[in-house]
Amino acid sequence: MPTGFAIHKVCCDDWAAAEPDRAAIIDRTGGRRTIWSYGRLKDESDRLAATLRAHGVGRGDRVAVLLPQRAEVMAAHFAAMKLGAVVLPLFTLFGEDALAVRLGDSGARVVVTETASLEKIAAVTSRTALETVILVGEAANSAGDLTIVSWERAIGAERIDQPEAVGADDPAVLIYTSGTTGAPKGALHAHRFLMGHLPCAELSLEFPGEGDVGWSPADWAWIGALMDLAMPCLYYGVPLVAERMRKFDAEKAWGLICEEDVSLAFLPPTALKLMRQVEVPEGHRLRAVNTGGESLAPDLLDWGDSVVGASLNELYGQTECNLVVCSCHSLGVRRHGAIGRAVPGHRVAVIDAGAREVGPGEVGEIAVRRPDPVMFLGYWNQPEKTAEKFAGDWLRTGDLGRMDADGYVTFVSRDDDVITSAGYRIGPTEIENCLTGDADVVMAAVVGVPDPERTEIVKAFVVLRDGADREGLEARLVARVRERISPHVAPRAIEVVESLPVTATGKIMRRALRERG
């Protein structure tokens, strides 16, 4: 690992020095098509870095980025990194509660966002350390006590003379987990975690190179879209398409793929299932897709081979330690029912409760051995939780699986209460807390129940107060979660129950609820 390895250097500045006019991002924001060169990406990130510094951002500070897919996302990432600061990617779909938790816990002082999200930001300011908003797009007069700086003004500053010296082990990105066993935890990653992603990116994207174009409909605030495709594209010099899809549309996705000659894509399994329902256009150039979040059925893999003519390569990881297992069709590393094999450079095993490796075919917990370049530095301000994540040198994923004699890893089930829906890993606690915030809800428990399209849907069981009005209850609770947390975690089914099953210590027995369905 090069000691001076830095994400902003290898994904932006080095290309800008070698080929300043080379296309970095094809931005389709608002129906317009703008090509950002590496030279422009460097210039705007240098100027934004100067503005961030003028507003007090320095080494180790957190800079939140709350934007949909657009070129400014990457400029903001690189600007913060050039100051030795830490980027906090946030979903634009997050509601006030979800934003307050992440912004408050991280201590971010600056957020880069757009006008559409300004009202939410202003509403949670008192629960955070925010001071400054860098605003992309339409101007706004005020946001409470926050200082607003337009993007145009921010990039009007003089460029920084020299980025701060950072190394491979210095913090770069803070990504919050789904919150399966409590409040979401911030997984802090170093610059080296990009290098840790690259072997899997090369294999699952079938060796990116000259002439390729990359795209994903997934939000770049998700580690999957950000690190499985977006950053690798910029690292390899592959033009990255940016377009906001408020709601995934399979026909529009195929249209974009054809219009932009997209050859490489990160597509969640749910997107692939929807794209299979419409006609595959002739003449497309899609050749490789990496996908993760849930297992692919054999018929979907066969569709990719025979109808699309593209390799669908599965991959596996989690926020704390991403992309450690994958398949690569062109190398013959793919087996129906299995995710793939451990990626070179990563030590993956299936272990028992005593952290001992189990035999071929035996079910145990999937684990990754440290040190590993893609592994997180730790949970933000939670050393105890970080220690609990490990058994000796094994990082425990919480996922049950088995490994055969050839090293193929098969996912069996979750060993915790995480819900896998449409490729997202969704934790129940944050949703339950939101539901019990309603005046009529006394208790709530959230589980995943099987669904043919999404793998699982979110179902909530709620206990109501005496005399609660049930008229419009389900719609009200769903709307509450959609607005206060995010639409993608909102329950698709709600059942009112007299009581919830609990253990002797008062813990909700979600397994019993899952069995009930």
# chains A, B, ... in the order shown; residues from 1 in each chain; ligands from 1
$ residues_around --residues "segment 29-33 of chain A" --least-positions-apart "2" --cutoff "8 Å" --atoms "only C-alpha atoms" --output "list of chain:residue names"
A:Ile26, A:Asp27, A:Ile35, A:Arg70, A:Ala242, A:Glu243, A:Arg244
$ residues_around --residues "Gly304 of chain A" --least-positions-apart "4" --cutoff "10 Å" --atoms "only C-alpha atoms" --output "list in words"
Leu272, Arg276, Arg287, Ala288, Val289, Pro298, Asp299, Leu300, Val308, Gly309, Ala310, Ser311, Leu312 and Asn313 of chain A
$ write_last_selection --atoms "C-alpha atoms" --output "short mmCIF file (atom, residue, chain, number, x, y, z; two decimals), in the first residue's frame"
data_model
loop_
_atom_site.label_atom_id
_atom_site.label_comp_id
_atom_site.auth_asym_id
_atom_site.auth_seq_id
_atom_site.Cartn_x
_atom_site.Cartn_y
_atom_site.Cartn_z
CA LEU A 272 -32.21 -6.11 -12.72
CA ARG A 276 -35.91 -8.08 -17.24
CA ARG A 287 -20.98 -5.81 -21.10
CA ALA A 288 -20.53 -6.14 -17.33
CA VAL A 289 -22.73 -5.55 -14.30
CA PRO A 298 -30.02 -18.69 -11.50
CA ASP A 299 -32.67 -17.62 -14.04
CA LEU A 300 -31.61 -13.98 -13.65
CA VAL A 308 -28.53 -9.14 -22.40
CA GLY A 309 -25.17 -10.59 -23.37
CA ALA A 310 -23.54 -9.10 -20.29
CA SER A 311 -21.81 -10.70 -17.32
CA LEU A 312 -23.81 -10.33 -14.10
CA ASN A 313 -21.25 -10.64 -11.33
#
$ atom_distance --atom1 "atom CA of Leu99 of chain A" --atom2 "atom CA of Ala271 of chain A"
26.1 Å
$ residues_around --residues "Arg28 of chain A" --least-positions-apart "6" --cutoff "12 Å" --atoms "only C-alpha atoms" --output "PDB file with N, CA and C atoms, in the first residue's frame"
ATOM      1  N   THR A  34     -23.837  17.805 -19.577  1.00  0.00           N
ATOM      2  CA  THR A  34     -22.594  18.552 -19.417  1.00  0.00           C
ATOM      3  C   THR A  34     -21.468  17.583 -19.111  1.00  0.00           C
ATOM      4  N   ILE A  35     -20.397  17.702 -19.846  1.00  0.00           N
ATOM      5  CA  ILE A  35     -19.234  16.849 -19.591  1.00  0.00           C
ATOM      6  C   ILE A  35     -18.236  17.599 -18.717  1.00  0.00           C
ATOM      7  N   TRP A  36     -17.989  17.039 -17.556  1.00  0.00           N
ATOM      8  CA  TRP A  36     -16.968  17.575 -16.659  1.00  0.00           C
ATOM      9  C   TRP A  36     -15.656  16.850 -16.942  1.00  0.00           C
ATOM     10  N   PRO A  68     -28.200  14.716  -4.764  1.00  0.00           N
ATOM     11  CA  PRO A  68     -28.455  13.590  -5.664  1.00  0.00           C
ATOM     12  C   PRO A  68     -27.267  13.424  -6.607  1.00  0.00           C
ATOM     13  N   GLN A  69     -27.319  12.418  -7.442  1.00  0.00           N
ATOM     14  CA  GLN A  69     -26.238  12.211  -8.411  1.00  0.00           C
ATOM     15  C   GLN A  69     -26.044  13.456  -9.267  1.00  0.00           C
ATOM     16  N   ARG A  70     -24.866  14.037  -9.196  1.00  0.00           N
ATOM     17  CA  ARG A  70     -24.452  15.145 -10.047  1.00  0.00           C
ATOM     18  C   ARG A  70     -22.959  15.355  -9.820  1.00  0.00           C
ATOM     19  N   ALA A  71     -22.304  16.043 -10.739  1.00  0.00           N
ATOM     20  CA  ALA A  71     -20.846  16.168 -10.684  1.00  0.00           C
ATOM     21  C   ALA A  71     -20.369  16.852  -9.412  1.00  0.00           C
ATOM     22  N   TRP A 215     -22.224   3.590 -15.138  1.00  0.00           N
ATOM     23  CA  TRP A 215     -23.420   4.221 -14.581  1.00  0.00           C
ATOM     24  C   TRP A 215     -24.080   3.312 -13.559  1.00  0.00           C
ATOM     25  N   LEU A 240     -18.041   8.641 -16.020  1.00  0.00           N
ATOM     26  CA  LEU A 240     -19.101   8.249 -15.094  1.00  0.00           C
ATOM     27  C   LEU A 240     -20.347   9.077 -15.390  1.00  0.00           C
ATOM     28  N   VAL A 241     -21.449   8.402 -15.693  1.00  0.00           N
ATOM     29  CA  VAL A 241     -22.709   9.094 -15.974  1.00  0.00           C
ATOM     30  C   VAL A 241     -23.408   9.429 -14.660  1.00  0.00           C
ATOM     31  N   ALA A 242     -23.885  10.659 -14.546  1.00  0.00           N
ATOM     32  CA  ALA A 242     -24.619  11.102 -13.358  1.00  0.00           C
ATOM     33  C   ALA A 242     -25.996  11.574 -13.787  1.00  0.00           C
ATOM     34  N   GLU A 243     -27.013  10.905 -13.293  1.00  0.00           N
ATOM     35  CA  GLU A 243     -28.386  11.352 -13.531  1.00  0.00           C
ATOM     36  C   GLU A 243     -29.259  10.917 -12.371  1.00  0.00           C
ATOM     37  N   ARG A 244     -30.028  11.847 -11.844  1.00  0.00           N
ATOM     38  CA  ARG A 244     -30.913  11.535 -10.729  1.00  0.00           C
ATOM     39  C   ARG A 244     -32.146  10.804 -11.244  1.00  0.00           C
ATOM     40  N   MET A 245     -32.426   9.643 -10.667  1.00  0.00           N
ATOM     41  CA  MET A 245     -33.669   8.927 -10.938  1.00  0.00           C
ATOM     42  C   MET A 245     -34.500   8.960  -9.665  1.00  0.00           C
ATOM     43  N   LEU A 256     -31.142   5.257 -21.157  1.00  0.00           N
ATOM     44  CA  LEU A 256     -29.892   5.930 -20.765  1.00  0.00           C
ATOM     45  C   LEU A 256     -28.686   5.086 -21.161  1.00  0.00           C
ATOM     46  N   GLU A 259     -28.228   5.620 -24.860  1.00  0.00           N
ATOM     47  CA  GLU A 259     -27.849   6.996 -25.207  1.00  0.00           C
ATOM     48  C   GLU A 259     -26.407   7.301 -24.854  1.00  0.00           C
ATOM     49  N   GLU A 260     -25.942   6.802 -23.727  1.00  0.00           N
ATOM     50  CA  GLU A 260     -24.597   7.125 -23.256  1.00  0.00           C
ATOM     51  C   GLU A 260     -23.584   6.014 -23.530  1.00  0.00           C
TER      52      GLU A 260
END
$ closest_residue --among "A:Glu495, A:Ala85, A:Ser37, A:Met195" --to "Pro171 of chain A" --atoms "only C-alpha atoms"
A:Ala85
$ closest_atom_pairs --of "segment 215-240 of chain A" --to "segment 323-347 of chain A" --cutoff "10 Å" --atoms "only C-alpha atoms" --output "CSV"
residue,atom,partner,partner_atom,distance
A:Gly224,CA,A:Leu323,CA,9.0
A:Met227,CA,A:Leu323,CA,8.9
A:Asp228,CA,A:Leu323,CA,7.6
$ select_by_dssp --residues "segment 77-231 of chain A" --states "strand (DSSP E or B)" --output "MDAnalysis selection string"
chainID A and resid 86:89 110:114 132:136 147:150 171:176 186:190 214:215
$ write_last_selection --atoms "N, CA and C atoms" --output "short mmCIF file (atom, residue, chain, number, x, y, z; two decimals), in the first residue's frame"
data_model
loop_
_atom_site.label_atom_id
_atom_site.label_comp_id
_atom_site.auth_asym_id
_atom_site.auth_seq_id
_atom_site.Cartn_x
_atom_site.Cartn_y
_atom_site.Cartn_z
N VAL A 86 -13.07 14.79 6.50
CA VAL A 86 -13.79 13.52 6.32
C VAL A 86 -15.14 13.80 5.68
N VAL A 87 -15.45 13.06 4.61
CA VAL A 87 -16.71 13.25 3.89
C VAL A 87 -17.81 12.40 4.54
N LEU A 88 -18.98 13.01 4.71
CA LEU A 88 -20.15 12.31 5.25
C LEU A 88 -21.22 12.27 4.17
N PRO A 89 -21.33 11.18 3.38
CA PRO A 89 -22.36 11.10 2.34
C PRO A 89 -23.73 10.85 2.97
N VAL A 110 -20.23 21.68 8.21
CA VAL A 110 -20.60 22.19 6.89
C VAL A 110 -21.37 21.11 6.15
N VAL A 111 -22.39 21.51 5.40
CA VAL A 111 -23.10 20.59 4.53
C VAL A 111 -23.17 21.18 3.13
N VAL A 112 -22.91 20.36 2.15
CA VAL A 112 -23.06 20.75 0.74
C VAL A 112 -24.37 20.14 0.28
N THR A 113 -25.33 20.97 -0.13
CA THR A 113 -26.65 20.46 -0.46
C THR A 113 -27.30 21.32 -1.52
N GLU A 114 -28.59 21.04 -1.80
CA GLU A 114 -29.36 21.78 -2.79
C GLU A 114 -30.56 22.41 -2.12
N THR A 132 -22.50 26.12 8.37
CA THR A 132 -22.43 26.64 7.00
C THR A 132 -23.07 25.68 6.01
N VAL A 133 -23.78 26.25 5.03
CA VAL A 133 -24.35 25.49 3.92
C VAL A 133 -23.72 25.97 2.62
N ILE A 134 -23.16 25.03 1.86
CA ILE A 134 -22.74 25.32 0.48
C ILE A 134 -23.90 24.88 -0.39
N LEU A 135 -24.53 25.81 -1.08
CA LEU A 135 -25.79 25.54 -1.77
C LEU A 135 -25.59 25.42 -3.28
N VAL A 136 -25.94 24.26 -3.81
CA VAL A 136 -25.87 23.99 -5.25
C VAL A 136 -27.23 24.26 -5.86
N THR A 147 -25.13 29.96 7.81
CA THR A 147 -24.55 30.80 6.77
C THR A 147 -24.68 30.08 5.44
N ILE A 148 -25.24 30.74 4.43
CA ILE A 148 -25.40 30.12 3.12
C ILE A 148 -24.39 30.72 2.15
N VAL A 149 -23.68 29.82 1.48
CA VAL A 149 -22.73 30.22 0.44
C VAL A 149 -23.11 29.50 -0.84
N SER A 150 -23.38 30.23 -1.90
CA SER A 150 -23.75 29.59 -3.16
C SER A 150 -22.55 28.86 -3.75
N PRO A 171 -8.17 9.14 7.87
CA PRO A 171 -9.63 9.07 7.64
C PRO A 171 -10.04 9.86 6.41
N ALA A 172 -11.03 9.32 5.67
CA ALA A 172 -11.48 9.96 4.45
C ALA A 172 -13.00 10.05 4.35
N VAL A 173 -13.69 8.98 4.75
CA VAL A 173 -15.15 8.91 4.55
C VAL A 173 -15.80 8.30 5.79
N LEU A 174 -16.95 8.87 6.16
CA LEU A 174 -17.74 8.36 7.29
C LEU A 174 -19.11 7.97 6.75
N ILE A 175 -19.40 6.67 6.74
CA ILE A 175 -20.66 6.16 6.20
C ILE A 175 -21.42 5.46 7.32
N TYR A 176 -22.66 5.86 7.51
CA TYR A 176 -23.44 5.29 8.60
C TYR A 176 -24.10 3.98 8.20
N GLY A 186 -21.57 5.23 12.73
CA GLY A 186 -20.73 5.76 11.67
C GLY A 186 -19.49 4.90 11.48
N ALA A 187 -19.36 4.29 10.30
CA ALA A 187 -18.17 3.49 9.98
C ALA A 187 -17.15 4.41 9.31
N LEU A 188 -16.03 4.60 10.00
CA LEU A 188 -15.00 5.52 9.52
C LEU A 188 -14.00 4.76 8.66
N HIS A 189 -13.80 5.25 7.43
CA HIS A 189 -12.89 4.60 6.50
C HIS A 189 -11.72 5.50 6.14
N ALA A 190 -10.58 4.86 5.90
CA ALA A 190 -9.37 5.57 5.49
C ALA A 190 -9.28 5.64 3.96
N GLY A 214 -19.41 4.17 -17.38
CA GLY A 214 -20.05 3.56 -16.21
C GLY A 214 -21.27 4.33 -15.74
N TRP A 215 -22.22 3.59 -15.14
CA TRP A 215 -23.42 4.22 -14.58
C TRP A 215 -24.08 3.31 -13.56
#
$ closest_residue --among "A:Ala475, A:Val238, A:Cys321, A:Met275" --to "Pro373 of chain A" --atoms "only C-alpha atoms"
A:Cys321
$ closest_residue --among "A:Phe207, A:Tyr236, A:Trp303, A:Phe91" --to "Ala221 of chain A" --atoms "only C-alpha atoms"
A:Phe91
$ residues_around --residues "Ala157 of chain A" --least-positions-apart "4" --cutoff "12 Å" --atoms "only C-alpha atoms" --output "NGL selection string"
:A and (43-54 or 149-153 or 161)
$ closest_residue --among "A:Gln318, A:Ile426, A:Leu205, A:Val363" --to "Leu400 of chain A" --atoms "only C-alpha atoms"
A:Val363
$ atom_distance --atom1 "atom CA of Glu251 of chain A" --atom2 "atom CA of Val278 of chain A"
6.7 Å
$ select_by_dssp --residues "segment 270-360 of chain A" --states "alpha helix (DSSP H)" --output "ChimeraX atom specification"
/A:270-275,298-303
$ closest_residue --among "A:His488, A:Glu498, A:Lys82, A:Val478" --to "Leu464 of chain A" --atoms "only C-alpha atoms"
A:Glu498
$ residues_around --residues "Pro491 of chain A" --least-positions-apart "4" --cutoff "12 Å" --atoms "only C-alpha atoms" --output "VMD selection string"
chain A and resid 419 421 426 to 428 431 to 432 434 to 435 444 to 449 456 to 462 474 to 482 485 to 487 495
$ write_last_selection --atoms "N, CA and C atoms" --output "short mmCIF file (atom, residue, chain, number, x, y, z; two decimals), in the first residue's frame"
data_model
loop_
_atom_site.label_atom_id
_atom_site.label_comp_id
_atom_site.auth_asym_id
_atom_site.auth_seq_id
_atom_site.Cartn_x
_atom_site.Cartn_y
_atom_site.Cartn_z
N ILE A 419 -32.90 -6.20 7.55
CA ILE A 419 -33.87 -6.51 6.50
C ILE A 419 -33.21 -6.18 5.16
N SER A 421 -34.05 -5.41 1.47
CA SER A 421 -35.16 -5.05 0.60
C SER A 421 -34.66 -4.22 -0.56
N ILE A 426 -31.59 -2.72 5.76
CA ILE A 426 -32.43 -1.83 6.57
C ILE A 426 -32.48 -2.34 8.00
N GLY A 427 -32.15 -1.47 8.92
CA GLY A 427 -32.22 -1.83 10.33
C GLY A 427 -33.58 -1.47 10.92
N PRO A 428 -34.07 -2.28 11.85
CA PRO A 428 -35.42 -2.04 12.40
C PRO A 428 -35.50 -0.93 13.44
N ILE A 431 -36.65 2.65 12.53
CA ILE A 431 -38.05 2.67 12.09
C ILE A 431 -38.97 2.52 13.29
N GLU A 432 -38.62 1.60 14.19
CA GLU A 432 -39.44 1.38 15.39
C GLU A 432 -39.52 2.65 16.24
N CYS A 434 -39.25 5.66 15.21
CA CYS A 434 -40.08 6.62 14.49
C CYS A 434 -41.56 6.30 14.70
N LEU A 435 -41.91 5.03 14.61
CA LEU A 435 -43.31 4.62 14.77
C LEU A 435 -43.82 4.91 16.18
N ALA A 444 -43.63 -0.98 18.99
CA ALA A 444 -43.51 -1.33 17.57
C ALA A 444 -42.35 -2.28 17.37
N ALA A 445 -42.53 -3.19 16.45
CA ALA A 445 -41.45 -4.10 16.06
C ALA A 445 -41.48 -4.22 14.54
N VAL A 446 -40.31 -4.18 13.94
CA VAL A 446 -40.21 -4.20 12.48
C VAL A 446 -39.38 -5.40 12.04
N VAL A 447 -39.88 -6.14 11.06
CA VAL A 447 -39.18 -7.30 10.52
C VAL A 447 -39.29 -7.29 9.00
N GLY A 448 -38.51 -8.17 8.38
CA GLY A 448 -38.63 -8.37 6.95
C GLY A 448 -39.44 -9.62 6.68
N VAL A 449 -40.35 -9.54 5.72
CA VAL A 449 -41.11 -10.72 5.32
C VAL A 449 -40.85 -10.96 3.84
N GLU A 456 -37.29 -9.01 0.48
CA GLU A 456 -38.10 -8.81 1.67
C GLU A 456 -38.77 -7.45 1.59
N ILE A 457 -39.92 -7.32 2.26
CA ILE A 457 -40.49 -6.00 2.47
C ILE A 457 -40.49 -5.72 3.96
N VAL A 458 -40.55 -4.45 4.31
CA VAL A 458 -40.59 -4.05 5.70
C VAL A 458 -42.03 -4.18 6.21
N LYS A 459 -42.20 -4.95 7.29
CA LYS A 459 -43.51 -5.07 7.94
C LYS A 459 -43.39 -4.63 9.38
N ALA A 460 -44.35 -3.84 9.82
CA ALA A 460 -44.35 -3.34 11.20
C ALA A 460 -45.52 -3.94 11.97
N PHE A 461 -45.24 -4.38 13.18
CA PHE A 461 -46.26 -4.81 14.13
C PHE A 461 -46.34 -3.72 15.20
N VAL A 462 -47.54 -3.20 15.44
CA VAL A 462 -47.67 -2.10 16.39
C VAL A 462 -48.73 -2.42 17.45
N GLU A 474 -52.74 3.23 9.17
CA GLU A 474 -51.64 2.68 8.38
C GLU A 474 -51.03 3.73 7.48
N ALA A 475 -51.88 4.48 6.78
CA ALA A 475 -51.36 5.52 5.87
C ALA A 475 -50.57 6.56 6.65
N ARG A 476 -51.07 6.91 7.84
CA ARG A 476 -50.38 7.93 8.65
C ARG A 476 -49.01 7.46 9.10
N LEU A 477 -48.93 6.19 9.54
CA LEU A 477 -47.65 5.68 10.02
C LEU A 477 -46.65 5.51 8.89
N VAL A 478 -47.11 5.04 7.75
CA VAL A 478 -46.22 4.90 6.59
C VAL A 478 -45.69 6.27 6.18
N ALA A 479 -46.58 7.25 6.13
CA ALA A 479 -46.15 8.61 5.76
C ALA A 479 -45.15 9.16 6.76
N ARG A 480 -45.34 8.85 8.03
CA ARG A 480 -44.42 9.34 9.06
C ARG A 480 -43.00 8.82 8.82
N VAL A 481 -42.89 7.52 8.55
CA VAL A 481 -41.56 6.95 8.31
C VAL A 481 -40.97 7.48 7.01
N ARG A 482 -41.80 7.59 5.98
CA ARG A 482 -41.31 8.12 4.69
C ARG A 482 -40.73 9.51 4.86
N ILE A 485 -37.73 9.51 8.06
CA ILE A 485 -36.51 8.71 7.86
C ILE A 485 -36.18 8.64 6.37
N SER A 486 -36.92 7.82 5.63
CA SER A 486 -36.66 7.73 4.19
C SER A 486 -37.74 6.85 3.55
N PRO A 487 -38.16 7.15 2.33
CA PRO A 487 -39.16 6.30 1.66
C PRO A 487 -38.74 4.84 1.52
N GLU A 495 -49.41 -4.27 10.86
CA GLU A 495 -50.40 -5.10 11.54
C GLU A 495 -50.52 -4.65 12.98
#
$ atom_distance --atom1 "atom CA of Arg369 of chain A" --atom2 "atom CA of Gly167 of chain A"
22.3 Å
